[in-house]
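Coordinates from entry_22.cif are shown below (mmCIF, C-alpha atoms).
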```
data_input
loop_
_atom_site.group_PDB
_atom_site.id
_atom_site.type_symbol
_atom_site.label_atom_id
_atom_site.label_comp_id
_atom_site.auth_asym_id
_atom_site.auth_seq_id
_atom_site.Cartn_x
_atom_site.Cartn_y
_atom_site.Cartn_z
ATOM 1 C CA MET A 18 -10.423 -1.118 -6.998
ATOM 2 C CA LYS A 19 -13.971 -2.337 -7.538
ATOM 3 C CA VAL A 20 -14.302 -6.029 -6.681
ATOM 4 C CA ALA A 21 -17.280 -8.303 -7.286
ATOM 5 C CA PHE A 22 -18.088 -10.949 -4.683
ATOM 6 C CA LEU A 23 -20.348 -13.533 -6.326
ATOM 7 C CA VAL A 24 -22.533 -15.625 -4.027
ATOM 8 C CA ALA A 25 -25.725 -17.668 -4.203
ATOM 9 C CA PRO A 26 -28.805 -16.589 -2.221
ATOM 10 C CA GLU A 27 -27.742 -18.976 0.537
ATOM 11 C CA GLY A 28 -24.912 -21.269 1.487
ATOM 12 C CA THR A 29 -21.902 -18.944 1.537
ATOM 13 C CA GLU A 30 -19.404 -19.605 4.305
ATOM 14 C CA GLN A 31 -19.674 -16.264 6.106
ATOM 15 C CA VAL A 32 -16.024 -15.794 7.042
ATOM 16 C CA GLU A 33 -14.996 -16.504 3.424
ATOM 17 C CA LEU A 34 -17.182 -13.546 2.417
ATOM 18 C CA THR A 35 -16.607 -11.102 5.266
ATOM 19 C CA ASP A 36 -12.849 -11.507 5.712
ATOM 20 C CA PRO A 37 -11.881 -10.874 2.036
ATOM 21 C CA TRP A 38 -14.583 -8.153 1.872
ATOM 22 C CA GLN A 39 -12.939 -6.320 4.762
ATOM 23 C CA ALA A 40 -9.510 -6.807 3.196
ATOM 24 C CA VAL A 41 -10.722 -5.063 0.026
ATOM 25 C CA ARG A 42 -12.179 -2.211 2.111
ATOM 26 C CA ASP A 43 -8.990 -1.910 4.172
ATOM 27 C CA ALA A 44 -7.027 -1.612 0.913
ATOM 28 C CA GLY A 45 -9.242 1.312 -0.128
ATOM 29 C CA GLY A 46 -11.314 -0.717 -2.573
ATOM 30 C CA THR A 47 -15.032 -1.070 -3.139
ATOM 31 C CA PRO A 48 -16.485 -4.551 -2.642
ATOM 32 C CA ARG A 49 -19.881 -5.243 -4.269
ATOM 33 C CA LEU A 50 -22.113 -8.209 -3.484
ATOM 34 C CA VAL A 51 -23.428 -9.868 -6.638
ATOM 35 C CA SER A 52 -25.966 -12.700 -6.485
ATOM 36 C CA THR A 53 -28.437 -14.565 -8.633
ATOM 37 C CA LYS A 54 -31.434 -12.954 -6.893
ATOM 38 C CA PRO A 55 -32.057 -9.496 -5.403
ATOM 39 C CA GLY A 56 -32.623 -8.901 -1.701
ATOM 40 C CA ARG A 57 -30.472 -10.494 0.981
ATOM 41 C CA VAL A 58 -28.239 -13.553 0.965
ATOM 42 C CA GLN A 59 -28.064 -15.994 3.868
ATOM 43 C CA ALA A 60 -24.539 -16.813 4.992
ATOM 44 C CA PHE A 61 -23.597 -19.831 7.101
ATOM 45 C CA HIS A 62 -21.071 -20.904 9.712
ATOM 46 C CA HIS A 63 -20.488 -24.328 8.217
ATOM 47 C CA LEU A 64 -24.036 -25.805 8.424
ATOM 48 C CA ASP A 65 -25.577 -23.239 10.790
ATOM 49 C CA LYS A 66 -27.303 -20.060 9.588
ATOM 50 C CA ALA A 67 -25.307 -16.914 10.252
ATOM 51 C CA ASP A 68 -25.901 -13.331 9.104
ATOM 52 C CA THR A 69 -27.649 -12.012 6.015
ATOM 53 C CA PHE A 70 -26.160 -9.496 3.610
ATOM 54 C CA GLU A 71 -27.760 -7.056 1.154
ATOM 55 C CA VAL A 72 -27.200 -7.772 -2.545
ATOM 56 C CA ASP A 73 -25.751 -4.825 -4.486
ATOM 57 C CA GLN A 74 -26.313 -6.226 -7.977
ATOM 58 C CA VAL A 75 -28.039 -9.174 -9.606
ATOM 59 C CA VAL A 76 -25.707 -11.222 -11.789
ATOM 60 C CA LYS A 77 -27.987 -10.964 -14.843
ATOM 61 C CA ASP A 78 -27.316 -7.204 -14.801
ATOM 62 C CA ALA A 79 -23.568 -7.468 -14.107
ATOM 63 C CA THR A 80 -20.575 -7.703 -16.438
ATOM 64 C CA ALA A 81 -16.908 -8.397 -15.833
ATOM 65 C CA GLU A 82 -16.087 -5.066 -17.496
ATOM 66 C CA GLU A 83 -17.589 -3.213 -14.493
ATOM 67 C CA TYR A 84 -15.103 -4.766 -12.068
ATOM 68 C CA ASP A 85 -11.365 -4.969 -11.530
ATOM 69 C CA GLY A 86 -11.480 -8.460 -10.036
ATOM 70 C CA LEU A 87 -13.727 -11.251 -8.788
ATOM 71 C CA VAL A 88 -13.749 -13.048 -5.435
ATOM 72 C CA LEU A 89 -15.599 -16.346 -5.108
ATOM 73 C CA PRO A 90 -16.266 -17.291 -1.466
ATOM 74 C CA GLY A 91 -16.858 -20.932 -0.639
ATOM 75 C CA GLY A 92 -19.262 -22.899 1.472
ATOM 76 C CA VAL A 93 -20.507 -26.221 0.170
ATOM 77 C CA ALA A 94 -23.967 -25.101 -1.009
ATOM 78 C CA ASN A 95 -22.903 -21.717 -2.403
ATOM 79 C CA PRO A 96 -20.798 -22.849 -5.388
ATOM 80 C CA ASP A 97 -23.064 -25.838 -5.969
ATOM 81 C CA LEU A 98 -26.015 -23.464 -6.444
ATOM 82 C CA LEU A 99 -23.984 -20.999 -8.529
ATOM 83 C CA ARG A 100 -22.779 -23.637 -10.976
ATOM 84 C CA LEU A 101 -26.400 -24.398 -11.832
ATOM 85 C CA ASP A 102 -27.044 -20.778 -12.858
ATOM 86 C CA ASP A 103 -25.993 -20.064 -16.461
ATOM 87 C CA LYS A 104 -25.690 -16.317 -15.880
ATOM 88 C CA ALA A 105 -23.446 -16.811 -12.836
ATOM 89 C CA VAL A 106 -21.214 -19.203 -14.777
ATOM 90 C CA ALA A 107 -21.050 -16.766 -17.713
ATOM 91 C CA PHE A 108 -20.184 -13.902 -15.330
ATOM 92 C CA ILE A 109 -17.273 -15.910 -13.937
ATOM 93 C CA LYS A 110 -16.065 -16.904 -17.400
ATOM 94 C CA GLY A 111 -16.237 -13.248 -18.417
ATOM 95 C CA PHE A 112 -13.400 -12.399 -16.010
ATOM 96 C CA PHE A 113 -11.199 -15.049 -17.616
ATOM 97 C CA ASP A 114 -12.109 -13.854 -21.112
ATOM 98 C CA ALA A 115 -11.298 -10.253 -20.108
ATOM 99 C CA GLY A 116 -7.974 -11.249 -18.509
ATOM 100 C CA LYS A 117 -9.087 -10.015 -15.076
ATOM 101 C CA PRO A 118 -7.949 -11.675 -11.842
ATOM 102 C CA VAL A 119 -10.155 -14.160 -10.024
ATOM 103 C CA ALA A 120 -9.750 -15.387 -6.441
ATOM 104 C CA ALA A 121 -11.588 -18.491 -5.179
ATOM 105 C CA ILE A 122 -11.476 -20.243 -1.821
ATOM 106 C CA CYS A 123 -12.540 -23.602 -0.419
ATOM 107 C CA HIS A 124 -15.399 -25.137 -2.481
ATOM 108 C CA ALA A 125 -15.644 -22.127 -4.849
ATOM 109 C CA PRO A 126 -13.518 -23.787 -7.578
ATOM 110 C CA TRP A 127 -16.569 -25.934 -8.395
ATOM 111 C CA THR A 128 -17.844 -22.875 -10.247
ATOM 112 C CA LEU A 129 -14.535 -22.643 -12.110
ATOM 113 C CA VAL A 130 -14.893 -26.272 -13.190
ATOM 114 C CA GLU A 131 -18.405 -25.512 -14.457
ATOM 115 C CA ALA A 132 -17.129 -22.445 -16.351
ATOM 116 C CA ASP A 133 -14.501 -24.688 -18.008
ATOM 117 C CA VAL A 134 -11.605 -22.441 -16.991
ATOM 118 C CA VAL A 135 -9.348 -24.802 -15.006
ATOM 119 C CA ARG A 136 -7.843 -26.732 -17.929
ATOM 120 C CA GLY A 137 -4.073 -26.219 -17.853
ATOM 121 C CA ARG A 138 -4.256 -24.253 -14.594
ATOM 122 C CA THR A 139 -2.792 -25.067 -11.179
ATOM 123 C CA LEU A 140 -5.056 -24.464 -8.215
ATOM 124 C CA THR A 141 -5.952 -25.521 -4.723
ATOM 125 C CA SER A 142 -9.271 -25.944 -2.954
ATOM 126 C CA TRP A 143 -10.982 -27.879 -0.224
ATOM 127 C CA PRO A 144 -9.498 -31.392 -0.664
ATOM 128 C CA SER A 145 -12.780 -32.996 -1.776
ATOM 129 C CA LEU A 146 -12.639 -31.018 -5.056
ATOM 130 C CA ARG A 147 -9.325 -32.562 -6.097
ATOM 131 C CA THR A 148 -10.889 -35.148 -8.427
ATOM 132 C CA ASP A 149 -13.278 -32.616 -9.996
ATOM 133 C CA ILE A 150 -10.419 -30.214 -10.725
ATOM 134 C CA THR A 151 -8.194 -32.977 -12.093
ATOM 135 C CA ASN A 152 -11.008 -34.369 -14.274
ATOM 136 C CA ALA A 153 -11.565 -30.845 -15.649
ATOM 137 C CA GLY A 154 -7.928 -30.657 -16.772
ATOM 138 C CA GLY A 155 -6.488 -28.714 -13.853
ATOM 139 C CA THR A 156 -3.584 -29.552 -11.590
ATOM 140 C CA TRP A 157 -4.578 -29.674 -7.925
ATOM 141 C CA VAL A 158 -2.028 -28.793 -5.238
ATOM 142 C CA ASN A 159 -2.350 -28.943 -1.469
ATOM 143 C CA GLU A 160 -1.010 -25.481 -0.648
ATOM 144 C CA GLN A 161 -2.246 -22.607 1.480
ATOM 145 C CA VAL A 162 -2.476 -20.382 -1.594
ATOM 146 C CA SER A 163 -1.892 -21.083 -5.270
ATOM 147 C CA ILE A 164 -1.259 -18.266 -7.738
ATOM 148 C CA CYS A 165 -1.496 -19.361 -11.352
ATOM 149 C CA ALA A 166 -0.683 -17.027 -14.225
ATOM 150 C CA ASP A 167 -0.640 -19.812 -16.848
ATOM 151 C CA GLY A 168 -3.716 -18.608 -18.675
ATOM 152 C CA PRO A 169 -5.571 -15.520 -19.796
ATOM 153 C CA ASN A 170 -5.711 -14.126 -16.248
ATOM 154 C CA THR A 171 -4.264 -14.622 -12.792
ATOM 155 C CA LEU A 172 -6.101 -17.216 -10.699
ATOM 156 C CA ILE A 173 -5.623 -17.126 -6.933
ATOM 157 C CA THR A 174 -7.010 -20.059 -4.948
ATOM 158 C CA SER A 175 -6.939 -21.174 -1.343
ATOM 159 C CA ARG A 176 -8.070 -24.221 0.642
ATOM 160 C CA LYS A 177 -10.060 -23.163 3.706
ATOM 161 C CA PRO A 178 -10.891 -20.472 6.264
ATOM 162 C CA ASP A 179 -7.625 -21.105 8.127
ATOM 163 C CA ASP A 180 -5.841 -19.834 4.993
ATOM 164 C CA LEU A 181 -7.759 -16.532 4.780
ATOM 165 C CA LYS A 182 -4.926 -14.235 5.864
ATOM 166 C CA ALA A 183 -2.618 -15.601 3.164
ATOM 167 C CA PHE A 184 -5.496 -15.678 0.634
ATOM 168 C CA ASP A 185 -6.387 -12.024 1.275
ATOM 169 C CA GLU A 186 -2.768 -10.891 0.989
ATOM 170 C CA ALA A 187 -2.230 -12.886 -2.211
ATOM 171 C CA PHE A 188 -5.335 -11.771 -4.067
ATOM 172 C CA LEU A 189 -4.897 -8.107 -3.079
ATOM 173 C CA GLU A 190 -1.287 -8.187 -4.311
ATOM 174 C CA GLU A 191 -2.269 -9.854 -7.587
ATOM 175 C CA PHE A 192 -5.234 -7.550 -8.147
ATOM 176 C CA ALA A 193 -2.890 -4.570 -7.634
ATOM 177 C CA LYS A 194 -0.392 -5.989 -10.172
ATOM 178 C CA LYS A 195 -3.155 -6.121 -12.762
ATOM 179 C CA GLY A 196 -3.928 -2.448 -12.388
ATOM 180 C CA ALA A 197 -6.756 -2.941 -9.944
ATOM 181 C CA SER A 198 -5.084 -1.053 -7.100
ATOM 182 C CA PRO A 199 -7.068 1.497 -5.097
#
```

Now that the file is in, can you turn its structure into structure tokens?
Amino acid sequence: MKVAFLVAPEGTEQVELTDPWQAVRDAGGTPRLVSTKPGRVQAFHHLDKADTFEVDQVVKDATAEEYDGLVLPGGVANPDLLRLDDKAVAFIKGFFDAGKPVAAICHAPWTLVEADVVRGRTLTSWPSLRTDITNAGGTWVNEQVSICADGPNTLITSRKPDDLKAFDEAFLEEFAKKGASP
């Protein structure tokens, strides 16, 4: 299982990157860090700088076809920066067009709104995104994990870092169902 983790050069909530990353590794998969710029990305613990991580691939050179699934970590700044990058938005949309599973946590669904892929879908997120998701045609639910197969792909979403264990289990199970098992 080769899984893309798409993040901006800074602003990713570190635990929402590292915890799912380790879950993919523990399942025998290969996580790859994709970003809008080469080099290193700066992760955060809420508003405080945390560790940096080496980028494996720049999004302009990446395609959904190369990967079995996509994980979108949150953090407030991360998805806000990604949704302003046309290539990042197109990369995300490519997974929906290809019918490949996507997992997003916390504020990450902002990028899904920008990619215009939430219409008719049920998802969860950090509560402040409720109006954005609803205005984009999605149905927002306040659940630990939401798994929506009412579309071209399976969409797995979660609310916050406290939900990571359930999020990891859900997206790994769904990725495996779609033939993305290790």

### Task
Might you pull out every residue within 6 Å of stretch 20-32 of chain A, with only C-alpha atoms counted and same-chain residues fewer than 5 positions away left off, and present them as an MDAnalysis selection string?
chainID A and resid 48:52 58:62 84:89 91:92 94:95 99

Which residues, written as a short mmCIF file (atom, residue, chain, number, x, y, z; two decimals) with C-alpha atoms, in the frame of the given file, have at least one atom at most 12 Å from A:Gln161, with only C-alpha atoms counted and residues fewer than 5 positions away on the same chain left out?
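result-v9.cif was written with the following content:
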```cif
data_model
loop_
_atom_site.label_atom_id
_atom_site.label_comp_id
_atom_site.auth_asym_id
_atom_site.auth_seq_id
_atom_site.Cartn_x
_atom_site.Cartn_y
_atom_site.Cartn_z
CA ILE A 122 -11.48 -20.24 -1.82
CA CYS A 123 -12.54 -23.60 -0.42
CA LEU A 140 -5.06 -24.46 -8.22
CA THR A 141 -5.95 -25.52 -4.72
CA SER A 142 -9.27 -25.94 -2.95
CA TRP A 143 -10.98 -27.88 -0.22
CA PRO A 144 -9.50 -31.39 -0.66
CA ILE A 173 -5.62 -17.13 -6.93
CA THR A 174 -7.01 -20.06 -4.95
CA SER A 175 -6.94 -21.17 -1.34
CA ARG A 176 -8.07 -24.22 0.64
CA LYS A 177 -10.06 -23.16 3.71
CA PRO A 178 -10.89 -20.47 6.26
CA ASP A 179 -7.62 -21.10 8.13
CA ASP A 180 -5.84 -19.83 4.99
CA LEU A 181 -7.76 -16.53 4.78
CA LYS A 182 -4.93 -14.24 5.86
CA ALA A 183 -2.62 -15.60 3.16
CA PHE A 184 -5.50 -15.68 0.63
CA ASP A 185 -6.39 -12.02 1.27
CA GLU A 186 -2.77 -10.89 0.99
CA ALA A 187 -2.23 -12.89 -2.21
#
```

### Query
atom CA of A:Ala132 and atom CA of A:Met18, how far apart in Å?
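Result for atom CA of A:Met18 versus atom CA of A:Ala132: 24.2 Å, one decimal.
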
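Nearest-residue note for A:Trp127: choosing from A:Thr53, A:Thr80, A:Thr139, A:Thr148, the minimum distance belongs to A:Thr148, counting all atoms listed in the file.
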
#### Entry: Straight-line distance linking atom CA of A:Gly137 with atom CA of A:Gly154, stated in Å to one decimal
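These two atoms are separated by 6.0 Å.
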
### Task
Could you please determine the separation between atom CA of A:Asn159 and atom CA of A:Ala125 in Å, to one decimal place?
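Atom CA of A:Asn159 sits 15.3 Å away from atom CA of A:Ala125.
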
### Message
Let me make sure I understand: among A:Leu146, A:Val75, A:Val135, A:Leu34, which one has the smallest atom-to-atom distance to A:Leu172 if we use all atoms listed in the file?
### Response
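Using all atoms listed in the file, the shortest distance to A:Leu172 belongs to A:Val135.
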
### Residue members of the PyMOL selection byres ((chain A and resi 116) around 6) in the file shown, as a list in words
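Checked against the file, the PyMOL selection byres ((chain A and resi 116) around 6) matches Phe113, Asp114, Ala115, Lys117, Pro169 and Asn170 of chain A.
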
### Task
Determine the nearest neighbour of A:Glu82 from the options A:Ala153, A:Ala44, A:Leu98, A:Ile109, counting all atoms listed in the file.
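Looking at the shortest contact to A:Glu82, the residue is A:Ile109.
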
### Query
How would you write as a VMD selection string the residues that get within 10 Å of (-21.1, -8.2, -16.7) in the file's frame, counting all atoms listed in the file?
chain A and resid 75 to 84 104 to 105 107 to 109 111 to 112

I need the residues from that last selection saved to file as a PDB file, in the coordinates of the input (with C-alpha atoms), if you can.
```pdb
ATOM      1  CA  VAL A  75     -28.039  -9.174  -9.606  1.00  0.00           C
ATOM      2  CA  VAL A  76     -25.707 -11.222 -11.789  1.00  0.00           C
ATOM      3  CA  LYS A  77     -27.987 -10.964 -14.843  1.00  0.00           C
ATOM      4  CA  ASP A  78     -27.316  -7.204 -14.801  1.00  0.00           C
ATOM      5  CA  ALA A  79     -23.568  -7.468 -14.107  1.00  0.00           C
ATOM      6  CA  THR A  80     -20.575  -7.703 -16.438  1.00  0.00           C
ATOM      7  CA  ALA A  81     -16.908  -8.397 -15.833  1.00  0.00           C
ATOM      8  CA  GLU A  82     -16.087  -5.066 -17.496  1.00  0.00           C
ATOM      9  CA  GLU A  83     -17.589  -3.213 -14.493  1.00  0.00           C
ATOM     10  CA  TYR A  84     -15.103  -4.766 -12.068  1.00  0.00           C
ATOM     11  CA  LYS A 104     -25.690 -16.317 -15.880  1.00  0.00           C
ATOM     12  CA  ALA A 105     -23.446 -16.811 -12.836  1.00  0.00           C
ATOM     13  CA  ALA A 107     -21.050 -16.766 -17.713  1.00  0.00           C
ATOM     14  CA  PHE A 108     -20.184 -13.902 -15.330  1.00  0.00           C
ATOM     15  CA  ILE A 109     -17.273 -15.910 -13.937  1.00  0.00           C
ATOM     16  CA  GLY A 111     -16.237 -13.248 -18.417  1.00  0.00           C
ATOM     17  CA  PHE A 112     -13.400 -12.399 -16.010  1.00  0.00           C
TER      18      PHE A 112
END
```

### Selected residue, from A:Asp73, A:Phe188, A:Val93, A:Gly45, that lies nearest to A:Val162 when counting only C-alpha atoms
A:Phe188

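Of the residues listed (A:Thr47, A:Thr156, A:Gln39, A:Ser163), A:Thr156 shows the shortest atom-to-atom separation from A:Val130; distances use all atoms listed in the file.
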